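What follows is a single structure, written as structure tokens, with notes after it.
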Amino acid sequence: MSSSSYKIALALSLMAAPLLCALAAGGDQHRPVLTRLAKDPSTSLYTASVGNGGPGPQLVLDLAGSLVWTTCMPPYRLIPCGGSVCAVASRSRRPNCEYTPGDNNGHGGHCACSTTAYNPANGQCGYGELTTVQLSANATDGRSPLFQVSLSAVASCAPPSVMGSLPSGAAGVAGLSRAPLSLPLQVAGRMKVEKKFALCLPAAGEDGAAIFGGGPFWLQAAPPQQVSDRLRYTALLKNPKNTAYYIGVTGVAVNNVQVPLPPGALSLSARQGTGGVALSTATPYTALRSDIYRPVRDAFAEATSGFARAPATKPFDLCYQKSALPSTRIGLYTASIDLTLAGGQNWTIVGSSAVVEVSQDAACLAFVDMGTTATPAVDHSPAVIIGGHQMEDNLVVFDLEKWQFGYSGLLLGTMTRCGNFDFSMGSH
Ligand SMILES: *[C@@H]1O[C@H](CO)[C@@H](O)[C@H](O)[C@H]1NC(C)=O
Ligand SMILES: *[C@@H]1O[C@H](CO)[C@@H](O)[C@H](O)[C@H]1NC(C)=O
């Protein structure tokens, strides 16, 4: 071999090496990532399985949360104070969070980055050191799991004091907000997938699914349905004061009759960050500020005056005898609630999304007065927090590439549900 052709061959092999690595990793990358979701019956919180096979650790989903936090078993890898990751994490530090000194002094004089972990279920927060954790999930084509993938994510080690009010199997919280260290943005960065995620929140006792990274979303039915085709979109709004997701709602109607609301009742004040309509998976039932709740409840009561009432059951105050309500394929039928979105389309809340069965004999309007809930899961006093019950058995998509929110409406109407995702490996 002449020396020049040797040099060319060497140059080619040097070029090929990174290419081959990229191909080898290509199996794991650019594929959306699937996790299994469950609803905890006692707290009504939703969890995602992110552990190695089996039931594994569960993280509570918090749409408004800014980072991933979890209990850590020492020793764990620390992230230094000075670096860029620490600077980003510090931006989502909560004010008024009491500093509880950890064992920060034992690190041989190195400064370890710490940030605040916030529990959306009870409003508690505490300082935890930043570390990297290994999460496992499956790559997916939107129909079923394809092969297992693992990814490392930056997480805060939660002090035990913030673990209260979480489901007993939960090891922490997965923040899903637009903050840079949220789970969807970390997955997008690591796996080179779209900044987009889909949630299909299940009823208790069923397995729902979340897909991070875009792509289609299929549910089993006869025949199987690509439910992502049914999405309608509205703009996602940013509140400059927090990282939660907001949508523009211009009015509320019950059985197609407009509910009289105070002018501007639903609008988000960009200057103060108050008002507006936020979404939260850590709020079990949609919570309305009292000046909105009362007229909506009254309109609903009027529209359903023909159905026999049952005594109010906290936190609900409009309840019916179940036997009086027509039972349909979309659940017990009472009245429909339209949220008219910016752009004129409606998110219609109906059937099992509008009511909740509280006992064998009674079902109640599944909306609550925000004034009576202790700690709203979204800061800065939104006017409305759309809660988990109203998103359950719907496909909802948060598209951070296009800043859009996609919603399917209640899936039961087309004979499927979030519990119908096909979790059998490579089943087609
Ligand atoms: C991947 O999918 C298979 C089949 O459903 C499941 O058994 C396994 O637990 C999943 N792995 C992870 C990490 O979720
Ligand atoms: C949305 O709902 C309102 C009130 O029910 C209704 O008047 C309006 O026609 C609906 N808009 C569309 C696009 O269906």
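We name chains A, B, ... following the order of the structure tokens; residues begin at 1 in each chain, and ligands are numbered from 1 as shown.
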
Please build the interface table for chain A against ligand 1 with a cut-off of 10 Å, listing for each qualifying residue the nearest atom pair and the distance in Å to one decimal; count only C-alpha atoms and all ligand atoms, order rows by chain and increasing number, and write it as a Markdown table.
| residue | atom | partner | partner_atom_place_in_ligand_line | distance |
| --- | --- | --- | --- | --- |
| A:Val33 | CA | ligand 1 | 14 (O) | 9.4 |
| A:Leu34 | CA | ligand 1 | 14 (O) | 7.4 |
| A:Thr35 | CA | ligand 1 | 14 (O) | 5.8 |
| A:Arg36 | CA | ligand 1 | 14 (O) | 6.7 |
| A:Ala48 | CA | ligand 1 | 14 (O) | 9.3 |
| A:Ser49 | CA | ligand 1 | 14 (O) | 6.4 |
| A:Val50 | CA | ligand 1 | 13 (C) | 6.0 |
| A:Gly51 | CA | ligand 1 | 13 (C) | 5.5 |
| A:Asn52 | CA | ligand 1 | 13 (C) | 4.7 |
| A:Gly53 | CA | ligand 1 | 9 (O) | 3.5 |
| A:Gly54 | CA | ligand 1 | 9 (O) | 5.0 |
| A:Pro55 | CA | ligand 1 | 9 (O) | 7.2 |
| A:Gly56 | CA | ligand 1 | 13 (C) | 8.2 |
| A:Leu135 | CA | ligand 1 | 13 (C) | 7.7 |
| A:Ser136 | CA | ligand 1 | 13 (C) | 4.2 |
| A:Ala137 | CA | ligand 1 | 13 (C) | 3.7 |
| A:Asn138 | CA | ligand 1 | 1 (C) | 4.8 |
| A:Ala139 | CA | ligand 1 | 1 (C) | 8.1 |
| A:Thr140 | CA | ligand 1 | 2 (O) | 9.4 |
| A:Ser144 | CA | ligand 1 | 5 (O) | 7.8 |
| A:Pro145 | CA | ligand 1 | 2 (O) | 5.3 |
| A:Leu146 | CA | ligand 1 | 2 (O) | 7.3 |
| A:Phe147 | CA | ligand 1 | 1 (C) | 6.5 |
| A:Gln148 | CA | ligand 1 | 1 (C) | 5.5 |
| A:Val149 | CA | ligand 1 | 13 (C) | 7.0 |
| A:Ser150 | CA | ligand 1 | 13 (C) | 7.5 |
| A:Asp422 | CA | ligand 1 | 5 (O) | 8.0 |
| A:Phe423 | CA | ligand 1 | 5 (O) | 4.3 |
| A:Ser424 | CA | ligand 1 | 5 (O) | 4.7 |
| A:Met425 | CA | ligand 1 | 4 (C) | 4.5 |
| A:Gly426 | CA | ligand 1 | 4 (C) | 8.2 |
| A:Ser427 | CA | ligand 1 | 4 (C) | 9.5 |

Kindly export the residues of the current selection with N, CA, C and O atoms, as a CSV table (one decimal), in the first residue's frame.
chain,number,residue,atom,x,y,z
A,33,VAL,N,-40.5,7.8,23.3
A,33,VAL,CA,-40.3,7.0,24.5
A,33,VAL,C,-41.6,6.8,25.2
A,33,VAL,O,-42.4,7.8,25.4
A,34,LEU,N,-41.9,5.6,25.5
A,34,LEU,CA,-43.2,5.2,26.1
A,34,LEU,C,-43.1,4.9,27.6
A,34,LEU,O,-42.1,4.2,28.0
A,35,THR,N,-44.0,5.4,28.4
A,35,THR,CA,-44.0,5.0,29.8
A,35,THR,C,-45.5,4.6,30.2
A,35,THR,O,-46.4,5.1,29.6
A,36,ARG,N,-45.6,3.7,31.1
A,36,ARG,CA,-46.9,3.2,31.5
A,36,ARG,C,-47.4,4.1,32.6
A,36,ARG,O,-46.6,4.5,33.5
A,48,ALA,N,-46.0,7.6,36.6
A,48,ALA,CA,-45.4,7.0,35.5
A,48,ALA,C,-44.3,6.0,36.0
A,48,ALA,O,-43.6,6.3,36.9
A,49,SER,N,-44.2,4.8,35.3
A,49,SER,CA,-43.2,3.8,35.7
A,49,SER,C,-41.9,4.1,34.9
A,49,SER,O,-42.0,4.1,33.7
A,50,VAL,N,-40.9,4.4,35.6
A,50,VAL,CA,-39.6,4.8,34.9
A,50,VAL,C,-38.5,3.9,35.3
A,50,VAL,O,-37.3,4.2,35.1
A,51,GLY,N,-38.8,2.7,35.9
A,51,GLY,CA,-37.8,1.9,36.5
A,51,GLY,C,-37.4,0.7,35.5
A,51,GLY,O,-38.0,0.6,34.5
A,52,ASN,N,-36.5,-0.1,35.9
A,52,ASN,CA,-36.0,-1.2,35.1
A,52,ASN,C,-37.0,-2.3,35.2
A,52,ASN,O,-37.1,-3.1,36.2
A,53,GLY,N,-37.8,-2.5,34.1
A,53,GLY,CA,-38.8,-3.6,34.1
A,53,GLY,C,-39.7,-3.6,35.3
A,53,GLY,O,-39.7,-2.7,36.1
A,54,GLY,N,-40.6,-4.6,35.4
A,54,GLY,CA,-41.4,-4.8,36.6
A,54,GLY,C,-42.1,-3.5,37.0
A,54,GLY,O,-42.2,-2.5,36.2
A,55,PRO,N,-42.7,-3.5,38.2
A,55,PRO,CA,-43.4,-2.3,38.6
A,55,PRO,C,-42.5,-1.1,38.8
A,55,PRO,O,-42.8,0.0,38.4
A,56,GLY,N,-41.2,-1.3,39.3
A,56,GLY,CA,-40.2,-0.2,39.3
A,56,GLY,C,-40.7,1.0,40.0
A,56,GLY,O,-41.8,1.1,40.5
A,135,LEU,N,-33.0,6.4,34.2
A,135,LEU,CA,-34.5,6.0,34.0
A,135,LEU,C,-34.6,5.0,32.9
A,135,LEU,O,-33.8,5.0,32.0
A,136,SER,N,-35.6,4.1,33.0
A,136,SER,CA,-35.8,3.1,31.9
A,136,SER,C,-37.2,3.3,31.3
A,136,SER,O,-38.1,3.6,32.1
A,137,ALA,N,-37.3,3.1,30.1
A,137,ALA,CA,-38.6,3.1,29.4
A,137,ALA,C,-38.4,2.3,28.1
A,137,ALA,O,-37.5,1.5,28.0
A,138,ASN,N,-39.4,2.4,27.2
A,138,ASN,CA,-39.4,1.6,26.0
A,138,ASN,C,-39.4,2.6,24.8
A,138,ASN,O,-40.2,3.6,24.9
A,139,ALA,N,-38.7,2.4,23.8
A,139,ALA,CA,-38.9,3.1,22.6
A,139,ALA,C,-40.2,2.6,22.0
A,139,ALA,O,-40.7,1.5,22.3
A,140,THR,N,-40.9,3.5,21.2
A,140,THR,CA,-42.2,3.1,20.7
A,140,THR,C,-42.4,3.7,19.3
A,140,THR,O,-41.8,4.7,18.9
A,144,SER,N,-47.0,0.2,20.3
A,144,SER,CA,-46.6,-0.7,21.3
A,144,SER,C,-45.2,-0.5,21.7
A,144,SER,O,-44.5,0.2,20.9
A,145,PRO,N,-44.7,-1.1,22.8
A,145,PRO,CA,-43.3,-0.9,23.1
A,145,PRO,C,-42.4,-1.7,22.1
A,145,PRO,O,-42.8,-2.8,21.6
A,146,LEU,N,-41.2,-1.2,21.7
A,146,LEU,CA,-40.4,-1.8,20.7
A,146,LEU,C,-39.2,-2.5,21.4
A,146,LEU,O,-38.9,-3.7,21.2
A,147,PHE,N,-38.4,-1.7,22.2
A,147,PHE,CA,-37.3,-2.2,22.9
A,147,PHE,C,-37.0,-1.3,24.0
A,147,PHE,O,-37.3,-0.1,24.0
A,148,GLN,N,-36.3,-1.8,25.1
A,148,GLN,CA,-36.1,-1.0,26.3
A,148,GLN,C,-35.0,0.0,26.0
A,148,GLN,O,-34.0,-0.3,25.3
A,149,VAL,N,-35.1,1.2,26.6
A,149,VAL,CA,-34.0,2.2,26.5
A,149,VAL,C,-33.8,2.7,27.9
A,149,VAL,O,-34.7,2.7,28.7
A,150,SER,N,-32.6,3.2,28.1
A,150,SER,CA,-32.4,3.8,29.4
A,150,SER,C,-31.8,5.2,29.1
A,150,SER,O,-31.1,5.4,28.1
A,422,ASP,N,-51.7,-0.9,23.8
A,422,ASP,CA,-51.1,-2.2,23.7
A,422,ASP,C,-49.7,-2.3,24.2
A,422,ASP,O,-48.8,-1.8,23.5
A,423,PHE,N,-49.5,-2.8,25.4
A,423,PHE,CA,-48.2,-2.9,26.0
A,423,PHE,C,-47.5,-4.2,25.7
A,423,PHE,O,-46.4,-4.4,26.3
A,424,SER,N,-48.0,-5.0,24.8
A,424,SER,CA,-47.2,-6.2,24.6
A,424,SER,C,-46.1,-5.9,23.6
A,424,SER,O,-46.2,-5.2,22.6
A,425,MET,N,-44.9,-6.3,23.9
A,425,MET,CA,-43.7,-6.0,23.2
A,425,MET,C,-43.7,-6.4,21.8
A,425,MET,O,-43.9,-7.6,21.5
A,426,GLY,N,-43.4,-5.5,20.9
A,426,GLY,CA,-43.3,-5.8,19.5
A,426,GLY,C,-44.4,-6.6,18.9
A,426,GLY,O,-44.2,-7.6,18.3
A,427,SER,N,-45.7,-6.2,19.2
A,427,SER,CA,-46.8,-7.1,19.0
A,427,SER,C,-47.3,-7.1,17.5
A,427,SER,O,-48.3,-7.7,17.2

message: To test your reading of the structure, identify every residue in region 144-217 of chain A that backbone DSSP assigns to alpha helix (DSSP H), and report it as number ranges by chain.
response: A: 183-191

Write out, as JSON lines, each residue of region 334-366 of chain A that has an atom at most 10 Å from region 278-290 of chain A, together with the closest pair of atoms and their distance in Å to one decimal, counting only C-alpha atoms, rows going by chain and rising number.
{"residue": "A:Ser353", "atom": "CA", "partner": "A:Tyr285", "partner_atom": "CA", "distance": 9.7}
{"residue": "A:Ala354", "atom": "CA", "partner": "A:Tyr285", "partner_atom": "CA", "distance": 9.7}
{"residue": "A:Val355", "atom": "CA", "partner": "A:Tyr285", "partner_atom": "CA", "distance": 9.8}
{"residue": "A:Val356", "atom": "CA", "partner": "A:Tyr285", "partner_atom": "CA", "distance": 9.3}
{"residue": "A:Leu365", "atom": "CA", "partner": "A:Tyr285", "partner_atom": "CA", "distance": 9.7}
{"residue": "A:Ala366", "atom": "CA", "partner": "A:Tyr285", "partner_atom": "CA", "distance": 6.0}

Could you write those residues out with C-alpha atoms, as a short mmCIF file (atom, residue, chain, number, x, y, z; two decimals), in the first residue's frame?
data_model
loop_
_atom_site.label_atom_id
_atom_site.label_comp_id
_atom_site.auth_asym_id
_atom_site.auth_seq_id
_atom_site.Cartn_x
_atom_site.Cartn_y
_atom_site.Cartn_z
CA SER A 353 -65.72 13.77 32.43
CA ALA A 354 -68.45 15.97 33.90
CA VAL A 355 -69.42 13.85 36.90
CA VAL A 356 -67.72 11.57 39.38
CA LEU A 365 -70.56 17.44 39.34
CA ALA A 366 -66.77 16.90 39.17
#

Report the closest atom pair, with its distance in Å rounded to one decimal, for each residue of chain A that has an atom no farther than 6 Å from ligand 2; count only C-alpha atoms and all ligand atoms, sort by chain and then rising residue number, and write it as JSON lines.
{"residue": "A:Ala253", "atom": "CA", "partner": "ligand 2", "partner_atom_place_in_ligand_line": "4 (C)", "distance": 4.9}
{"residue": "A:Asn256", "atom": "CA", "partner": "ligand 2", "partner_atom_place_in_ligand_line": "5 (O)", "distance": 3.2}
{"residue": "A:Val257", "atom": "CA", "partner": "ligand 2", "partner_atom_place_in_ligand_line": "5 (O)", "distance": 5.8}
{"residue": "A:Gln258", "atom": "CA", "partner": "ligand 2", "partner_atom_place_in_ligand_line": "4 (C)", "distance": 5.9}
{"residue": "A:Asp338", "atom": "CA", "partner": "ligand 2", "partner_atom_place_in_ligand_line": "2 (O)", "distance": 5.5}
{"residue": "A:Thr340", "atom": "CA", "partner": "ligand 2", "partner_atom_place_in_ligand_line": "1 (C)", "distance": 5.5}
{"residue": "A:Gly344", "atom": "CA", "partner": "ligand 2", "partner_atom_place_in_ligand_line": "13 (C)", "distance": 5.3}
{"residue": "A:Gln345", "atom": "CA", "partner": "ligand 2", "partner_atom_place_in_ligand_line": "13 (C)", "distance": 4.3}
{"residue": "A:Asn346", "atom": "CA", "partner": "ligand 2", "partner_atom_place_in_ligand_line": "1 (C)", "distance": 4.7}

Taking a cut-off of 10 Å and counting only C-alpha atoms, can you build a table that, for each residue of region 175-208 of chain A near region 214-218 of chain A, reports the nearest atom pair and how far apart they are in Å (one decimal), sorted by chain then residue number, as CSV?
residue,atom,partner,partner_atom,distance
A:Ala188,CA,A:Gly214,CA,9.6
A:Val193,CA,A:Gly214,CA,7.3
A:Glu194,CA,A:Gly214,CA,5.7
A:Lys195,CA,A:Gly214,CA,7.4
A:Lys196,CA,A:Gly214,CA,5.3
A:Phe197,CA,A:Gly214,CA,5.9
A:Ala198,CA,A:Gly214,CA,7.3
A:Leu199,CA,A:Phe217,CA,9.7
A:Cys200,CA,A:Phe217,CA,9.4

Could you save those same residues with C-alpha atoms as an mmCIF file, in the first residue's frame?
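The resulting again28.cif:
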data_model
loop_
_atom_site.group_PDB
_atom_site.id
_atom_site.type_symbol
_atom_site.label_atom_id
_atom_site.label_comp_id
_atom_site.auth_asym_id
_atom_site.auth_seq_id
_atom_site.Cartn_x
_atom_site.Cartn_y
_atom_site.Cartn_z
ATOM 1 C CA ALA A 188 -35.986 15.430 23.970
ATOM 2 C CA VAL A 193 -36.771 13.530 19.707
ATOM 3 C CA GLU A 194 -39.360 16.290 19.361
ATOM 4 C CA LYS A 195 -40.152 18.537 22.296
ATOM 5 C CA LYS A 196 -43.618 17.137 22.499
ATOM 6 C CA PHE A 197 -45.451 14.683 24.738
ATOM 7 C CA ALA A 198 -48.795 12.936 24.812
ATOM 8 C CA LEU A 199 -50.689 11.836 27.912
ATOM 9 C CA CYS A 200 -53.539 9.379 28.047
#

task: Give me the residues within 10 Å of Ser161 (chain A) as a ChimeraX atom specification, counting only C-alpha atoms and dropping any in the same chain fewer than 3 places off.
output: /A:100,119,124-127,158,164

- request: For Ala342 (chain A), list every protein, DNA or RNA residue within 9 Å, evaluated using only C-alpha atoms, and leave out those in the same chain fewer than 6 positions away; present the list as a ChimeraX atom specification.
  value: /A:234-235,247-250

Output for the residues just chosen: C-alpha atoms as a CSV table (one decimal), in the first residue's frame:
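Just written: part_1.csv:
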chain,number,residue,atom,x,y,z
A,234,THR,CA,-55.3,25.5,20.5
A,235,ALA,CA,-52.3,27.7,21.4
A,247,ILE,CA,-54.7,27.8,27.4
A,248,GLY,CA,-56.9,30.6,26.3
A,249,VAL,CA,-60.6,30.1,27.3
A,250,THR,CA,-63.0,32.8,26.3

- request: Record the distance separating CA of Pro263 (chain A) and CA of Phe398 (chain A), expressed in Å with one decimal.
  value: 28.5 Å

- prompt: So how many Å separate CA of Leu339 (chain A) and CA of Pro240 (chain A), to one decimal?
  reply: 23.5 Å

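The neighbours of Gly128 (chain A) here are the residues that come within 10 Å of it, using only C-alpha atoms and leaving out any residue fewer than 4 positions away in the same chain; they are A:Trp69, A:Thr70, A:Thr71, A:Cys72, A:Tyr99, A:Thr100, A:Pro101, A:Gly102, A:Asn104, A:Cys113, A:Ser114, A:Thr115, A:Thr116, A:Ala117, A:Ala155, A:Ser156, A:Cys157, A:Ala158, A:Pro159, A:Pro160, A:Val162.
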
Kindly save the residues from that selection, with N, CA and C atoms included, as a PDB file, in the first residue's frame.
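Below is the file that was written, selection30.pdb:
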ATOM      1  N   TRP A  69     -37.697  15.033  40.673  1.00  0.00           N
ATOM      2  CA  TRP A  69     -37.057  14.800  41.969  1.00  0.00           C
ATOM      3  C   TRP A  69     -37.466  13.448  42.531  1.00  0.00           C
ATOM      4  N   THR A  70     -36.546  12.900  43.297  1.00  0.00           N
ATOM      5  CA  THR A  70     -36.745  11.516  43.744  1.00  0.00           C
ATOM      6  C   THR A  70     -35.946  11.267  45.020  1.00  0.00           C
ATOM      7  N   THR A  71     -36.330  10.246  45.726  1.00  0.00           N
ATOM      8  CA  THR A  71     -35.526   9.869  46.884  1.00  0.00           C
ATOM      9  C   THR A  71     -34.224   9.257  46.360  1.00  0.00           C
ATOM     10  N   CYS A  72     -33.118   9.564  46.990  1.00  0.00           N
ATOM     11  CA  CYS A  72     -31.826   9.032  46.534  1.00  0.00           C
ATOM     12  C   CYS A  72     -31.198   8.215  47.649  1.00  0.00           C
ATOM     13  N   TYR A  99     -34.692  26.457  53.968  1.00  0.00           N
ATOM     14  CA  TYR A  99     -33.474  25.706  53.690  1.00  0.00           C
ATOM     15  C   TYR A  99     -33.212  24.712  54.799  1.00  0.00           C
ATOM     16  N   THR A 100     -33.178  23.447  54.433  1.00  0.00           N
ATOM     17  CA  THR A 100     -32.870  22.409  55.420  1.00  0.00           C
ATOM     18  C   THR A 100     -31.497  21.862  55.070  1.00  0.00           C
ATOM     19  N   PRO A 101     -30.481  22.201  55.848  1.00  0.00           N
ATOM     20  CA  PRO A 101     -29.144  21.773  55.471  1.00  0.00           C
ATOM     21  C   PRO A 101     -29.057  20.256  55.394  1.00  0.00           C
ATOM     22  N   GLY A 102     -28.570  19.763  54.271  1.00  0.00           N
ATOM     23  CA  GLY A 102     -28.353  18.326  54.122  1.00  0.00           C
ATOM     24  C   GLY A 102     -26.985  17.998  54.679  1.00  0.00           C
ATOM     25  N   ASN A 104     -24.297  18.495  53.225  1.00  0.00           N
ATOM     26  CA  ASN A 104     -23.491  19.239  52.277  1.00  0.00           C
ATOM     27  C   ASN A 104     -22.029  19.416  52.677  1.00  0.00           C
ATOM     28  N   CYS A 113     -24.366  21.191  44.136  1.00  0.00           N
ATOM     29  CA  CYS A 113     -25.535  21.979  43.728  1.00  0.00           C
ATOM     30  C   CYS A 113     -26.783  21.456  44.432  1.00  0.00           C
ATOM     31  N   SER A 114     -27.572  22.345  44.982  1.00  0.00           N
ATOM     32  CA  SER A 114     -28.858  21.903  45.518  1.00  0.00           C
ATOM     33  C   SER A 114     -29.944  22.811  44.985  1.00  0.00           C
ATOM     34  N   THR A 115     -31.136  22.240  44.878  1.00  0.00           N
ATOM     35  CA  THR A 115     -32.264  23.059  44.445  1.00  0.00           C
ATOM     36  C   THR A 115     -33.509  22.583  45.170  1.00  0.00           C
ATOM     37  N   THR A 116     -34.632  23.249  44.921  1.00  0.00           N
ATOM     38  CA  THR A 116     -35.815  22.917  45.701  1.00  0.00           C
ATOM     39  C   THR A 116     -36.661  21.870  44.992  1.00  0.00           C
ATOM     40  N   ALA A 117     -37.192  20.964  45.780  1.00  0.00           N
ATOM     41  CA  ALA A 117     -38.162  19.983  45.297  1.00  0.00           C
ATOM     42  C   ALA A 117     -39.518  20.448  45.808  1.00  0.00           C
ATOM     43  N   ALA A 155     -31.745  15.048  38.304  1.00  0.00           N
ATOM     44  CA  ALA A 155     -32.852  15.038  39.264  1.00  0.00           C
ATOM     45  C   ALA A 155     -32.378  15.614  40.584  1.00  0.00           C
ATOM     46  N   SER A 156     -33.321  16.079  41.356  1.00  0.00           N
ATOM     47  CA  SER A 156     -33.012  16.568  42.689  1.00  0.00           C
ATOM     48  C   SER A 156     -33.323  15.462  43.694  1.00  0.00           C
ATOM     49  N   CYS A 157     -32.445  15.282  44.668  1.00  0.00           N
ATOM     50  CA  CYS A 157     -32.679  14.273  45.706  1.00  0.00           C
ATOM     51  C   CYS A 157     -33.586  14.860  46.770  1.00  0.00           C
ATOM     52  N   ALA A 158     -34.776  14.311  46.865  1.00  0.00           N
ATOM     53  CA  ALA A 158     -35.769  14.912  47.737  1.00  0.00           C
ATOM     54  C   ALA A 158     -35.461  14.658  49.195  1.00  0.00           C
ATOM     55  N   PRO A 159     -35.579  15.679  50.033  1.00  0.00           N
ATOM     56  CA  PRO A 159     -35.531  15.411  51.468  1.00  0.00           C
ATOM     57  C   PRO A 159     -36.810  14.660  51.858  1.00  0.00           C
ATOM     58  N   PRO A 160     -36.729  13.712  52.795  1.00  0.00           N
ATOM     59  CA  PRO A 160     -37.908  12.910  53.153  1.00  0.00           C
ATOM     60  C   PRO A 160     -39.098  13.777  53.570  1.00  0.00           C
ATOM     61  N   VAL A 162     -40.507  16.143  52.147  1.00  0.00           N
ATOM     62  CA  VAL A 162     -41.455  16.561  51.096  1.00  0.00           C
ATOM     63  C   VAL A 162     -42.221  15.393  50.486  1.00  0.00           C
TER      64      VAL A 162
END

Residues of region 205-261 of chain A within 8 Å of region 299-313 of chain A: nearest atom pair and distance (Å, one decimal) for each, counting only C-alpha atoms, sorted by chain and number, as a Markdown table?
| residue | atom | partner | partner_atom | distance |
| --- | --- | --- | --- | --- |
| A:Val254 | CA | A:Phe300 | CA | 6.2 |
| A:Asn255 | CA | A:Ala303 | CA | 7.0 |
| A:Val259 | CA | A:Ala299 | CA | 6.6 |

Nearest residue to Thr328 (chain A) from the set A:Leu412, A:Gln360, A:Asn242, A:Asn394 (distances using only C-alpha atoms): A:Leu412

- prompt: What is the distance, in Å and to one decimal place, between CA of Thr416 (chain A) and CA of Thr47 (chain A)?
  reply: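 According to the coordinates, CA of Thr416 (chain A) and CA of Thr47 (chain A) are separated by 21.1 Å.
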
task: From a DSSP calculation on the backbone, collect every residue of region 130-160 of chain A in strand (DSSP E or B) and output the set as a list in words.
output: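 Of region 130-160 of chain A, the ones in strand (DSSP E or B) are Leu130, Thr131, Thr132, Val133, Gln134, Leu135, Ser136, Ala137, Asn138, Ala139, Thr140, Pro145, Leu146, Phe147, Gln148, Val149, Ser150, Leu151, Ser152, Ala153, Val154, Ala155, Ser156 and Cys157 of chain A.
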
For Cys418 (chain A), the nearest of the candidates A:Gly208, A:Gly142, A:Pro75, A:Pro80, counting only C-alpha atoms: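 For Cys418 (chain A), the nearest of the candidates is A:Gly208.
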
field: Selection: 7 Å around Leu219 (chain A), only C-alpha atoms, excl. self and same-chain fewer than 4 positions, as a list in words
entry: Pro224, Gln225, Gln226, Val227, Asn420, Phe421 and Asp422 of chain A
